[in-house]
Amino acid sequence: MDFDIASILAIDGLASGAIYVLIAIGTVLIFTVTRVVFIPFGDIAAFTALTLAALEMGRLPGTAGLVVVLAGMATLVEVVALLRNGRAHEIPGALLYYLALPLALVGVVWLSEPLYQSSMVLRILFSLILILPIAPLLDRIVYRPIADASVLMLLIVSMALHFALVGLGLLFFGPEGVRTEPMTDAIFEFGSIMITGQAALIMFAAVLFSGLLYLFFDFTLIGKSLRATAVNRSGARLMGIRPERSGTIAYIVGSLMAGVSGILIAPVNTMFYDSGFLLGLRAFVGAIIGGLVSYPGTAIGSLFVGVLESFASFQSSAFKDVIVFSLLIPILIWRSIVSVHTEEHDEE
Amino acid sequence: MPLLTIEDVSVSYGKVDAVRSVSLQVEEGQIVTVIGPNGAGKTTLMLATIGLLRSFGRMTFMGEDLSRLSVEDRIEKGLCLVPEKRELFAEMSVRDNLLLGAYTRYNRATINNELEAVYERFPRLKQRHKQDAGTLSGGERQMLALGRALMTKPKLLVLDEPSLGLAPLIVREIFHTVASLRELGVSVLLVEQNARAALETADVGYVLETGEIVQSGEASSLIHDPRLMAAYLGGH
Ligand SMILES: Nc1ncnc2c1ncn2[C@@H]1O[C@H](COP(=O)(O)OP(=O)(O)OP(=O)(O)O)[C@@H](O)[C@H]1O
Ligand SMILES: [Mg+2]
């Protein structure tokens with residue numbers, strides 16, 4: 001392997017790593033705020049790519065149907081919960097929030113077909129609009145009724161949810177693979193190193209969204225309330241910060257980042273209804289390297305996974321997943337050694 | 001109408017009854033103290049009042065039934081608890097902790113004045129406003145917990161052992177702060193080990209033993225009760 005090949009592999013790896021960064025940061029955000037290891041962020045990314053592809057072909061994407069179904073289920077769950085708790089007066093608000101709002105988003109996309117025919121930016125925007133309600137609705141349907149369950153229990157439910165979503169993906173999107181229009185044909189050359197415009201765009205997006213998230217946490221009250229929920233749930237409740245609300249915001253922010261990653265990967269990788277699993281799993285390894293709590297650690301971990309994967313597939317493409325996921329074992333051992341301390345702290 | 005009424009309230013952990021059929025009241029503008037030995041159920045009663053523990057019986061706040069209200073609803077209505085464990089946001093700055101106190105009624109225009117008011121009360125917090133709450137000393141932590149609670153602008157402040165583990169000089173400062181809340185129109189429900197200081201500050205006192213109220217009355221008369229003197233005041 002000479003320098004040229006190594007540099008190509010490294011840049012390729014950093015670009016895939018940047019994709020994993022976007023997904024992994026959402027995973028960490030959700031975990032710290034709600035204690036849920038949300039495996040399906042990979043699916044959210046894949047569904048966004050499929051949504052964008054459908055819009056390009058001038059079809060109403062399967063996402064619309066998925067959102068309508070989930071909104072119906074979430075409304076039902078919420079109304080039943082309100083009735084059981086004797087809070088019937090809150091039902092109109094719940095209908096507005098869980099039914100009218102998601103349906104309105106679908107309606108907007110449906111009605112504006114002539115608009116998005118002409119503009120890629122609008123198509124991307126509409127794909128994100130359609131994808132954002134999914135995770136918060138799943139949260140309402142699946143996780144909130146068991147919010148006090150153990151982390152392990154929540155993880156098992158996440159796995160089940162992922163398989164359910166893959167099934168729904170097949171139902172709503174069909175089995176065909178899609179690839180969307182390239183966003184840019186630009187190629188940058190630095191000496192002998194070449195970077196495609198798409199790779200540059202992916203890395204730029206990862207930096208941009210990480211930066212925006214940092215600003216959100218540090219400079220807005222909502223961002224601070226999310227951190228407060230993550231740091232001390234009872235403390236946050238005692239300040240009137242509702243953990244369910246923090247959870248919803250975290251799911252929306254995480255979905256936005258996963259959605260962006262799906263849009264960026266769609267022109268370079270063919271995406272299927274079940275492509276999300278490996279994406280999510282690689283991002284998950286990155287998040288584990290960050291201990292599921294540290295954002296910088298997660299970013300470095302995800303980039304490392306991307307680069308490792310890239311070099312591994314050059315050496316022997318059949319074994320690249322074996323190499324990446326074998327990495328989990330030493331990392332988990334290392335994490336369990338360094339994290340004994342923090343767990344004791346949590347018990348307090 | 002009393003601000004807070006607790007009527008025939010019981011709380012249990014599984015099969016263990018920690019609080020049994022307790023009734024007490026806090027009138028508007030009053031400081032009410034609950035004293036009692038370790039394990040009497042004081043903390044349990046306070047956690048039930050704020051809604052962190054399930055309880056049986058009746059509780060009303062400003063005439064409104066509390067049973068259907070979540071913790072967060074109660075905070076919005078003007079109840080606030082400084083819990084025994086303090087529950088600060090350890091990995092966030094002192095300033096952010098205080099800002100989050102104002103979460104339910106955040107107002108960009110007045111927030112700086114409100115912060116200044118707390119800093120004036122506890123100048124130590126101002127010096128350390130950038131420091132993480134988890135790195136504060138014990139006394140500074142108590143001040144932060146109290147300051148953060150004041151940022152919620154409560155009508156009734158419930159304090160669980162605000163003087164826990166503090167040097168005598170700071171204890172006096174904390175009780176001074178509690179007494180001064182009256183002027184702000186804040187009523188206080190105060191749980192304390194330090195029975196003498198608590199009764200000197202409060203208007204009304206209740207004595208809780210093994211989950212039941214065994215004595216209550218004007219704080220000024222309780223403090224001269226010979227039996228209480230022997231049990232809690234250690235005769236100093
Ligand atoms: N989570 C729990 N599970 C089981 N029992 C508990 C729990 N928390 C408290 N208890 C028991 O309930 C009783 C009352 O405890 P509580 O903390 O309310 O006492 P306290 O009056 O606040 O005591 P102290 O003055 O030491 O703070 C004690 O016997 C305690 O062991
Ligand atoms: Mg106690």
# chains A, B, ... in the order shown; residues from 1 in each chain; ligands from 1
>>> interface_residues(of="chain B", to="chain A", cutoff="6 Å", atoms="only C-alpha atoms", output="PyMOL selection string")
chain B and resi 72+75+87+89+101
>>> residues_near_ligand(ligand="ligand 2", cutoff="9 Å", atoms="only C-alpha atoms and all ligand atoms", output="number ranges by chain")
B: 38-44, 46, 83-84, 160-161, 191-193
>>> write_last_selection(atoms="N, CA, C and O atoms", output="PDB file, in the first residue's frame")
ATOM      1  N   ASN B  38     -33.860  10.338  63.604  1.00  0.00           N
ATOM      2  CA  ASN B  38     -33.506   9.683  62.347  1.00  0.00           C
ATOM      3  C   ASN B  38     -34.484   8.561  62.061  1.00  0.00           C
ATOM      4  O   ASN B  38     -34.869   7.821  62.967  1.00  0.00           O
ATOM      5  N   GLY B  39     -34.889   8.465  60.805  1.00  0.00           N
ATOM      6  CA  GLY B  39     -35.761   7.378  60.408  1.00  0.00           C
ATOM      7  C   GLY B  39     -37.212   7.581  60.786  1.00  0.00           C
ATOM      8  O   GLY B  39     -38.029   6.672  60.658  1.00  0.00           O
ATOM      9  N   ALA B  40     -37.577   8.795  61.239  1.00  0.00           N
ATOM     10  CA  ALA B  40     -38.952   9.043  61.666  1.00  0.00           C
ATOM     11  C   ALA B  40     -39.908   9.096  60.480  1.00  0.00           C
ATOM     12  O   ALA B  40     -41.108   8.900  60.631  1.00  0.00           O
ATOM     13  N   GLY B  41     -39.380   9.379  59.295  1.00  0.00           N
ATOM     14  CA  GLY B  41     -40.243   9.484  58.118  1.00  0.00           C
ATOM     15  C   GLY B  41     -40.376  10.901  57.594  1.00  0.00           C
ATOM     16  O   GLY B  41     -41.229  11.169  56.748  1.00  0.00           O
ATOM     17  N   LYS B  42     -39.527  11.793  58.054  1.00  0.00           N
ATOM     18  CA  LYS B  42     -39.618  13.196  57.638  1.00  0.00           C
ATOM     19  C   LYS B  42     -39.357  13.357  56.144  1.00  0.00           C
ATOM     20  O   LYS B  42     -40.147  13.972  55.420  1.00  0.00           O
ATOM     21  N   THR B  43     -38.243  12.770  55.692  1.00  0.00           N
ATOM     22  CA  THR B  43     -37.895  12.873  54.271  1.00  0.00           C
ATOM     23  C   THR B  43     -38.975  12.220  53.412  1.00  0.00           C
ATOM     24  O   THR B  43     -39.386  12.760  52.383  1.00  0.00           O
ATOM     25  N   THR B  44     -39.450  11.074  53.866  1.00  0.00           N
ATOM     26  CA  THR B  44     -40.508  10.365  53.145  1.00  0.00           C
ATOM     27  C   THR B  44     -41.734  11.253  52.961  1.00  0.00           C
ATOM     28  O   THR B  44     -42.301  11.344  51.865  1.00  0.00           O
ATOM     29  N   MET B  46     -41.866  14.514  52.967  1.00  0.00           N
ATOM     30  CA  MET B  46     -41.595  15.636  52.062  1.00  0.00           C
ATOM     31  C   MET B  46     -41.601  15.171  50.599  1.00  0.00           C
ATOM     32  O   MET B  46     -42.100  15.858  49.720  1.00  0.00           O
ATOM     33  N   PRO B  83     -34.493  18.873  48.263  1.00  0.00           N
ATOM     34  CA  PRO B  83     -34.496  17.537  48.857  1.00  0.00           C
ATOM     35  C   PRO B  83     -33.248  17.299  49.706  1.00  0.00           C
ATOM     36  O   PRO B  83     -32.258  18.021  49.598  1.00  0.00           O
ATOM     37  N   GLU B  84     -33.333  16.264  50.534  1.00  0.00           N
ATOM     38  CA  GLU B  84     -32.207  15.941  51.413  1.00  0.00           C
ATOM     39  C   GLU B  84     -30.941  15.679  50.593  1.00  0.00           C
ATOM     40  O   GLU B  84     -29.845  16.035  50.996  1.00  0.00           O
ATOM     41  N   ASP B 160     -35.614  20.173  53.245  1.00  0.00           N
ATOM     42  CA  ASP B 160     -35.286  18.974  54.015  1.00  0.00           C
ATOM     43  C   ASP B 160     -33.862  19.107  54.552  1.00  0.00           C
ATOM     44  O   ASP B 160     -32.893  18.970  53.809  1.00  0.00           O
ATOM     45  N   GLU B 161     -33.762  19.406  55.833  1.00  0.00           N
ATOM     46  CA  GLU B 161     -32.483  19.565  56.522  1.00  0.00           C
ATOM     47  C   GLU B 161     -31.512  20.495  55.803  1.00  0.00           C
ATOM     48  O   GLU B 161     -30.432  20.073  55.367  1.00  0.00           O
ATOM     49  N   VAL B 191     -37.852  20.788  57.536  1.00  0.00           N
ATOM     50  CA  VAL B 191     -37.504  19.571  58.264  1.00  0.00           C
ATOM     51  C   VAL B 191     -36.117  19.769  58.847  1.00  0.00           C
ATOM     52  O   VAL B 191     -35.222  20.219  58.144  1.00  0.00           O
ATOM     53  N   GLU B 192     -35.964  19.474  60.123  1.00  0.00           N
ATOM     54  CA  GLU B 192     -34.648  19.733  60.735  1.00  0.00           C
ATOM     55  C   GLU B 192     -34.280  18.740  61.826  1.00  0.00           C
ATOM     56  O   GLU B 192     -35.124  18.231  62.545  1.00  0.00           O
ATOM     57  N   GLN B 193     -32.987  18.463  61.914  1.00  0.00           N
ATOM     58  CA  GLN B 193     -32.433  17.742  63.057  1.00  0.00           C
ATOM     59  C   GLN B 193     -32.139  18.726  64.179  1.00  0.00           C
ATOM     60  O   GLN B 193     -32.253  18.410  65.358  1.00  0.00           O
TER      61      GLN B 193
END
>>> select_by_dssp(residues="segment 35-177 of chain A", states="helix (DSSP H, G or I)", output="PyMOL selection string")
chain A and resi 41-56+62-84+88-111+113-118+120-131+134-146+151-173
>>> select_by_dssp(residues="segment 110-267 of chain A", states="strand (DSSP E or B)", output="ChimeraX atom specification")
/A:178,187-190,193-196
>>> write_last_selection(atoms="N, CA and C atoms", output="JSON list (two decimals), in the first residue's frame")
[["chain", "number", "residue", "atom", "x", "y", "z"],
["A", 178, "VAL", "N", -32.31, 2.06, -3.70],
["A", 178, "VAL", "CA", -32.34, 3.36, -4.38],
["A", 178, "VAL", "C", -31.01, 4.08, -4.21],
["A", 187, "ILE", "N", -14.60, 18.13, -7.39],
["A", 187, "ILE", "CA", -13.50, 17.33, -6.84],
["A", 187, "ILE", "C", -12.39, 18.30, -6.44],
["A", 188, "PHE", "N", -11.96, 18.18, -5.20],
["A", 188, "PHE", "CA", -10.88, 19.08, -4.74],
["A", 188, "PHE", "C", -9.58, 18.31, -4.75],
["A", 189, "GLU", "N", -8.50, 18.98, -5.20],
["A", 189, "GLU", "CA", -7.18, 18.34, -5.19],
["A", 189, "GLU", "C", -6.23, 19.12, -4.30],
["A", 190, "PHE", "N", -5.64, 18.42, -3.35],
["A", 190, "PHE", "CA", -4.59, 19.02, -2.53],
["A", 190, "PHE", "C", -3.33, 18.21, -2.79],
["A", 193, "ILE", "N", -3.56, 14.46, -3.06],
["A", 193, "ILE", "CA", -4.76, 13.98, -2.39],
["A", 193, "ILE", "C", -6.00, 14.53, -3.08],
["A", 194, "MET", "N", -6.94, 13.64, -3.36],
["A", 194, "MET", "CA", -8.18, 14.07, -3.99],
["A", 194, "MET", "C", -9.35, 13.86, -3.05],
["A", 195, "ILE", "N", -10.19, 14.88, -2.96],
["A", 195, "ILE", "CA", -11.39, 14.74, -2.14],
["A", 195, "ILE", "C", -12.60, 15.04, -3.00],
["A", 196, "THR", "N", -13.58, 14.12, -3.03],
["A", 196, "THR", "CA", -14.79, 14.40, -3.81],
["A", 196, "THR", "C", -15.64, 15.41, -3.06]]
>>> closest_residue(among="B:Ile111, B:Leu199, B:Leu136, B:Val82", to="Arg148 of chain B", atoms="only C-alpha atoms")
B:Val82
>>> closest_residue(among="A:Arg179, A:Leu328, A:Ala135, A:Ile300", to="Ala71 of chain A", atoms="only C-alpha atoms")
A:Ala135
>>> closest_residue(among="B:Leu69, B:Val16, B:Leu81, B:Leu157", to="ligand 1", atoms="only C-alpha atoms and all ligand atoms")
B:Val16
>>> residues_around(residues="segment 52-62 of chain A", least_positions_apart="3", cutoff="6 Å", atoms="only C-alpha atoms", output="PyMOL selection string")
chain A and resi 49+65+127+172-173+180
>>> residues_around(residues="Gly57 of chain B", least_positions_apart="5", cutoff="10 Å", atoms="only C-alpha atoms", output="PyMOL selection string")
chain B and resi 6-11+20-23+67
>>> residues_around(residues="segment 277-283 of chain A", least_positions_apart="4", cutoff="9 Å", atoms="only C-alpha atoms", output="MDAnalysis selection string")
chainID A and resid 17 19:25 27 39:43 45:46 162 166 287:288 298 301:302 305:306 321 324:325
>>> residues_around(residues="Cys80 of chain B", least_positions_apart="2", cutoff="9 Å", atoms="only C-alpha atoms", output="PyMOL selection string")
(chain A and resi 238-239) or (chain B and resi 50+74-76+78+82+149-150+152-159)
>>> write_last_selection(atoms="N, CA, C and O atoms", output="mmCIF file, in the first residue's frame")
data_model
loop_
_atom_site.group_PDB
_atom_site.id
_atom_site.type_symbol
_atom_site.label_atom_id
_atom_site.label_comp_id
_atom_site.auth_asym_id
_atom_site.auth_seq_id
_atom_site.Cartn_x
_atom_site.Cartn_y
_atom_site.Cartn_z
ATOM 1 N N LEU A 238 -37.659 18.320 39.724
ATOM 2 C CA LEU A 238 -37.921 19.260 40.822
ATOM 3 C C LEU A 238 -37.841 20.711 40.362
ATOM 4 O O LEU A 238 -38.243 21.619 41.091
ATOM 5 N N MET A 239 -37.271 20.952 39.191
ATOM 6 C CA MET A 239 -37.274 22.300 38.626
ATOM 7 C C MET A 239 -38.415 22.463 37.624
ATOM 8 O O MET A 239 -38.497 23.460 36.908
ATOM 9 N N ILE B 50 -44.180 16.501 47.469
ATOM 10 C CA ILE B 50 -43.822 17.046 46.153
ATOM 11 C C ILE B 50 -44.240 16.096 45.033
ATOM 12 O O ILE B 50 -44.240 16.458 43.858
ATOM 13 N N ARG B 74 -46.872 20.401 40.171
ATOM 14 C CA ARG B 74 -46.813 21.015 41.497
ATOM 15 C C ARG B 74 -45.797 22.155 41.513
ATOM 16 O O ARG B 74 -46.019 23.177 42.155
ATOM 17 N N ILE B 75 -44.667 21.958 40.809
ATOM 18 C CA ILE B 75 -43.657 23.026 40.739
ATOM 19 C C ILE B 75 -44.279 24.251 40.071
ATOM 20 O O ILE B 75 -44.115 25.386 40.528
ATOM 21 N N GLU B 76 -45.017 24.003 38.982
ATOM 22 C CA GLU B 76 -45.629 25.127 38.264
ATOM 23 C C GLU B 76 -46.626 25.871 39.135
ATOM 24 O O GLU B 76 -46.834 27.065 38.967
ATOM 25 N N GLY B 78 -46.258 26.438 42.250
ATOM 26 C CA GLY B 78 -45.582 27.218 43.271
ATOM 27 C C GLY B 78 -45.116 26.439 44.487
ATOM 28 O O GLY B 78 -44.805 27.022 45.532
ATOM 29 N N VAL B 82 -36.390 21.482 48.340
ATOM 30 C CA VAL B 82 -34.944 21.270 48.355
ATOM 31 C C VAL B 82 -34.750 19.926 49.035
ATOM 32 O O VAL B 82 -34.890 19.811 50.247
ATOM 33 N N ALA B 149 -33.631 26.865 44.377
ATOM 34 C CA ALA B 149 -35.044 26.774 44.757
ATOM 35 C C ALA B 149 -35.684 28.161 44.767
ATOM 36 O O ALA B 149 -36.823 28.330 44.338
ATOM 37 N N LEU B 150 -34.951 29.174 45.230
ATOM 38 C CA LEU B 150 -35.517 30.522 45.255
ATOM 39 C C LEU B 150 -35.773 31.026 43.843
ATOM 40 O O LEU B 150 -36.701 31.802 43.609
ATOM 41 N N THR B 152 -37.068 29.421 41.547
ATOM 42 C CA THR B 152 -38.374 28.972 41.067
ATOM 43 C C THR B 152 -39.490 29.894 41.552
ATOM 44 O O THR B 152 -40.637 29.709 41.175
ATOM 45 N N LYS B 153 -39.161 30.880 42.418
ATOM 46 C CA LYS B 153 -40.158 31.797 42.995
ATOM 47 C C LYS B 153 -41.322 31.030 43.600
ATOM 48 O O LYS B 153 -42.483 31.160 43.165
ATOM 49 N N PRO B 154 -41.053 30.187 44.601
ATOM 50 C CA PRO B 154 -42.122 29.346 45.150
ATOM 51 C C PRO B 154 -43.059 30.127 46.072
ATOM 52 O O PRO B 154 -42.671 31.161 46.622
ATOM 53 N N LYS B 155 -44.271 29.615 46.230
ATOM 54 C CA LYS B 155 -45.159 30.132 47.265
ATOM 55 C C LYS B 155 -44.884 29.388 48.556
ATOM 56 O O LYS B 155 -44.973 29.954 49.641
ATOM 57 N N LEU B 156 -44.593 28.093 48.410
ATOM 58 C CA LEU B 156 -44.235 27.286 49.578
ATOM 59 C C LEU B 156 -42.927 26.563 49.285
ATOM 60 O O LEU B 156 -42.817 25.824 48.315
ATOM 61 N N LEU B 157 -41.948 26.814 50.136
ATOM 62 C CA LEU B 157 -40.647 26.179 49.974
ATOM 63 C C LEU B 157 -40.518 25.079 51.017
ATOM 64 O O LEU B 157 -40.668 25.339 52.214
ATOM 65 N N VAL B 158 -40.282 23.859 50.564
ATOM 66 C CA VAL B 158 -40.112 22.738 51.477
ATOM 67 C C VAL B 158 -38.617 22.443 51.566
ATOM 68 O O VAL B 158 -37.971 22.200 50.545
ATOM 69 N N LEU B 159 -38.080 22.521 52.783
ATOM 70 C CA LEU B 159 -36.636 22.352 52.947
ATOM 71 C C LEU B 159 -36.364 21.127 53.790
ATOM 72 O O LEU B 159 -36.836 21.037 54.929
#
>>> residues_around(residues="Leu144 of chain B", least_positions_apart="6", cutoff="9 Å", atoms="only C-alpha atoms", output="list in words")
Leu88, Val94, Asn97, Leu98, Phe122, Leu125 and Ala133 of chain B
>>> write_last_selection(atoms="N, CA and C atoms", output="compact mmCIF listing (two decimals), in the first residue's frame")
# COMPACT_ATOMS: atom_id res chain seq x y z
N LEU B 88 -28.43 18.44 42.80
CA LEU B 88 -27.90 19.50 41.93
C LEU B 88 -27.49 18.90 40.58
N VAL B 94 -22.56 26.57 38.20
CA VAL B 94 -23.41 27.17 39.22
C VAL B 94 -24.47 28.05 38.56
N ASN B 97 -27.16 26.00 36.88
CA ASN B 97 -28.05 25.44 37.90
C ASN B 97 -29.10 26.47 38.31
N LEU B 98 -28.63 27.69 38.55
CA LEU B 98 -29.57 28.74 38.97
C LEU B 98 -30.55 29.08 37.86
N PHE B 122 -26.20 35.13 48.40
CA PHE B 122 -25.07 34.19 48.56
C PHE B 122 -23.89 34.64 47.69
N LEU B 125 -21.65 32.23 45.72
CA LEU B 125 -22.10 31.64 44.46
C LEU B 125 -21.68 32.51 43.28
N ALA B 133 -21.16 22.54 39.61
CA ALA B 133 -21.80 22.36 40.91
C ALA B 133 -21.19 21.20 41.68
